[in-house]
Structures are given as C-alpha cells and as structure tokens.
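Colleague: Questions regarding the structure given below will be posed in turn.
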Amino acid sequence: MDWQNMTFSLDELEDIWETYQAYGSTNNSKVLAKIATEYTYCHLCNHLIPVADFQQHFDDHY
Ligand SMILES: [Zn+2]
C-alpha cells in the first residue's frame, strides 16, 4: 500500500476527526490541522463540510 497517496473518504475523515476529538487532542494534532485546511467541522450536524461551502452550510441551519 502506498501510504503517501492514501486518500480517505469524507466518512473516514469524520471518523478520524471524532476519534481525535474524543481523546481531547484537537489543539495539537497535525492530523486535524491537515483536515482543517480543507474541511470545517459542523458541530450542529456533526459533519465535516468543505471550507468553501461552510458559510452557506452554517446559514442553512438557521
Ligand atoms: Zn451542519
């Protein structure tokens, strides 16, 4: 398996995010920082949303 080119589905990324959250290591995790360059976690529906879509997504909750 070529780890350098491994890609994760959004579903898997959410799993990773939530696992790190559960261990309380959100502030110093390089993994979460990397995910956060592309996705923002929505605490209202517990999903990762592409950064570019997040504002619209967030507004849609209200
Ligand atoms: Zn949401």
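Labels for the structure tokens follow display order: chains A, B, ..., residues from 1 in each chain, ligands from 1.
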From a backbone DSSP assignment, name each residue in chain A labelled helix (DSSP H, G or I), as JSON, numbers by chain.

Modeller: {"A": [3, 4, 5, 10, 11, 12, 13, 14, 15, 16, 17, 18, 19, 20, 21, 22, 30, 31, 32, 33, 34, 35, 36, 51, 52, 53, 54, 55, 56, 57, 58, 59, 60]}

Colleague: Would you please give, as a ChimeraX atom specification, all residues of region 13-60 of chain A that DSSP assigns to strand (DSSP E) based on the backbone?

Modeller: /A:39-42,47-50

Colleague: Selected residues, N, CA and C atoms, written as a PDB file, in the first residue's frame, please.

Modeller:
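Once everything was written out, this is selection.pdb:
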ATOM      1  N   TYR A  39     -11.511  21.125   5.397  1.00  0.00           N
ATOM      2  CA  TYR A  39     -12.859  20.960   5.939  1.00  0.00           C
ATOM      3  C   TYR A  39     -13.023  21.694   7.261  1.00  0.00           C
ATOM      4  N   THR A  40     -14.247  22.128   7.499  1.00  0.00           N
ATOM      5  CA  THR A  40     -14.604  22.695   8.797  1.00  0.00           C
ATOM      6  C   THR A  40     -15.636  21.775   9.419  1.00  0.00           C
ATOM      7  N   TYR A  41     -15.447  21.470  10.690  1.00  0.00           N
ATOM      8  CA  TYR A  41     -16.382  20.565  11.354  1.00  0.00           C
ATOM      9  C   TYR A  41     -17.608  21.331  11.819  1.00  0.00           C
ATOM     10  N   CYS A  42     -18.763  20.855  11.426  1.00  0.00           N
ATOM     11  CA  CYS A  42     -20.012  21.485  11.847  1.00  0.00           C
ATOM     12  C   CYS A  42     -20.524  20.789  13.105  1.00  0.00           C
ATOM     13  N   HIS A  47     -20.807  16.914  11.008  1.00  0.00           N
ATOM     14  CA  HIS A  47     -20.225  16.518   9.732  1.00  0.00           C
ATOM     15  C   HIS A  47     -19.108  17.482   9.358  1.00  0.00           C
ATOM     16  N   LEU A  48     -18.175  16.962   8.593  1.00  0.00           N
ATOM     17  CA  LEU A  48     -17.138  17.817   8.020  1.00  0.00           C
ATOM     18  C   LEU A  48     -17.677  18.426   6.735  1.00  0.00           C
ATOM     19  N   ILE A  49     -17.519  19.730   6.610  1.00  0.00           N
ATOM     20  CA  ILE A  49     -18.038  20.459   5.457  1.00  0.00           C
ATOM     21  C   ILE A  49     -16.857  21.119   4.748  1.00  0.00           C
ATOM     22  N   PRO A  50     -16.795  21.020   3.415  1.00  0.00           N
ATOM     23  CA  PRO A  50     -15.703  21.709   2.711  1.00  0.00           C
ATOM     24  C   PRO A  50     -15.668  23.184   3.109  1.00  0.00           C
TER      25      PRO A  50
END

Colleague: Find the residues of chain A that sit at most 7 Å from ligand 1; for each, write down the nearest two atoms and how far apart they are in Å, to one decimal. Count only C-alpha atoms and all ligand atoms. Sort by chain, then by number going up, and give it as a Markdown table.

Modeller:
| residue | atom | partner | partner_atom_place_in_ligand_line | distance |
| --- | --- | --- | --- | --- |
| A:Cys42 | CA | ligand 1 | 1 (Zn) | 4.7 |
| A:His43 | CA | ligand 1 | 1 (Zn) | 6.5 |
| A:Leu44 | CA | ligand 1 | 1 (Zn) | 4.9 |
| A:Cys45 | CA | ligand 1 | 1 (Zn) | 4.2 |
| A:Asn46 | CA | ligand 1 | 1 (Zn) | 6.5 |
| A:His47 | CA | ligand 1 | 1 (Zn) | 6.2 |
| A:His57 | CA | ligand 1 | 1 (Zn) | 6.1 |
| A:Phe58 | CA | ligand 1 | 1 (Zn) | 5.9 |
| A:His61 | CA | ligand 1 | 1 (Zn) | 6.5 |

Colleague: Would you mind exporting the chosen residues as a short mmCIF file (atom, residue, chain, number, x, y, z; two decimals), in the first residue's frame, restricted to C-alpha atoms?

Modeller:
data_model
loop_
_atom_site.label_atom_id
_atom_site.label_comp_id
_atom_site.auth_asym_id
_atom_site.auth_seq_id
_atom_site.Cartn_x
_atom_site.Cartn_y
_atom_site.Cartn_z
CA CYS A 42 -20.01 21.49 11.85
CA HIS A 43 -20.99 20.94 15.47
CA LEU A 44 -24.67 21.29 14.65
CA CYS A 45 -24.88 18.19 12.49
CA ASN A 46 -21.53 16.54 13.27
CA HIS A 47 -20.23 16.52 9.73
CA HIS A 57 -24.00 25.24 5.18
CA PHE A 58 -23.95 27.02 8.54
CA HIS A 61 -29.10 25.50 9.84
#

Colleague: Report, in Å to a single decimal, how far apart CA of Ile16 (chain A) and CA of Asp53 (chain A) are.

Modeller: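 Between CA of Asp53 (chain A) and CA of Ile16 (chain A) the gap is 20.6 Å.
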
Colleague: Calculate how many Å separate CA of Glu38 (chain A) from CA of Ala22 (chain A), rounding to one decimal.

Modeller: 20.8 Å

Colleague: Using Å and a single decimal, report how far CA of Tyr20 (chain A) sits from CA of Thr37 (chain A).

Modeller: 16.1 Å
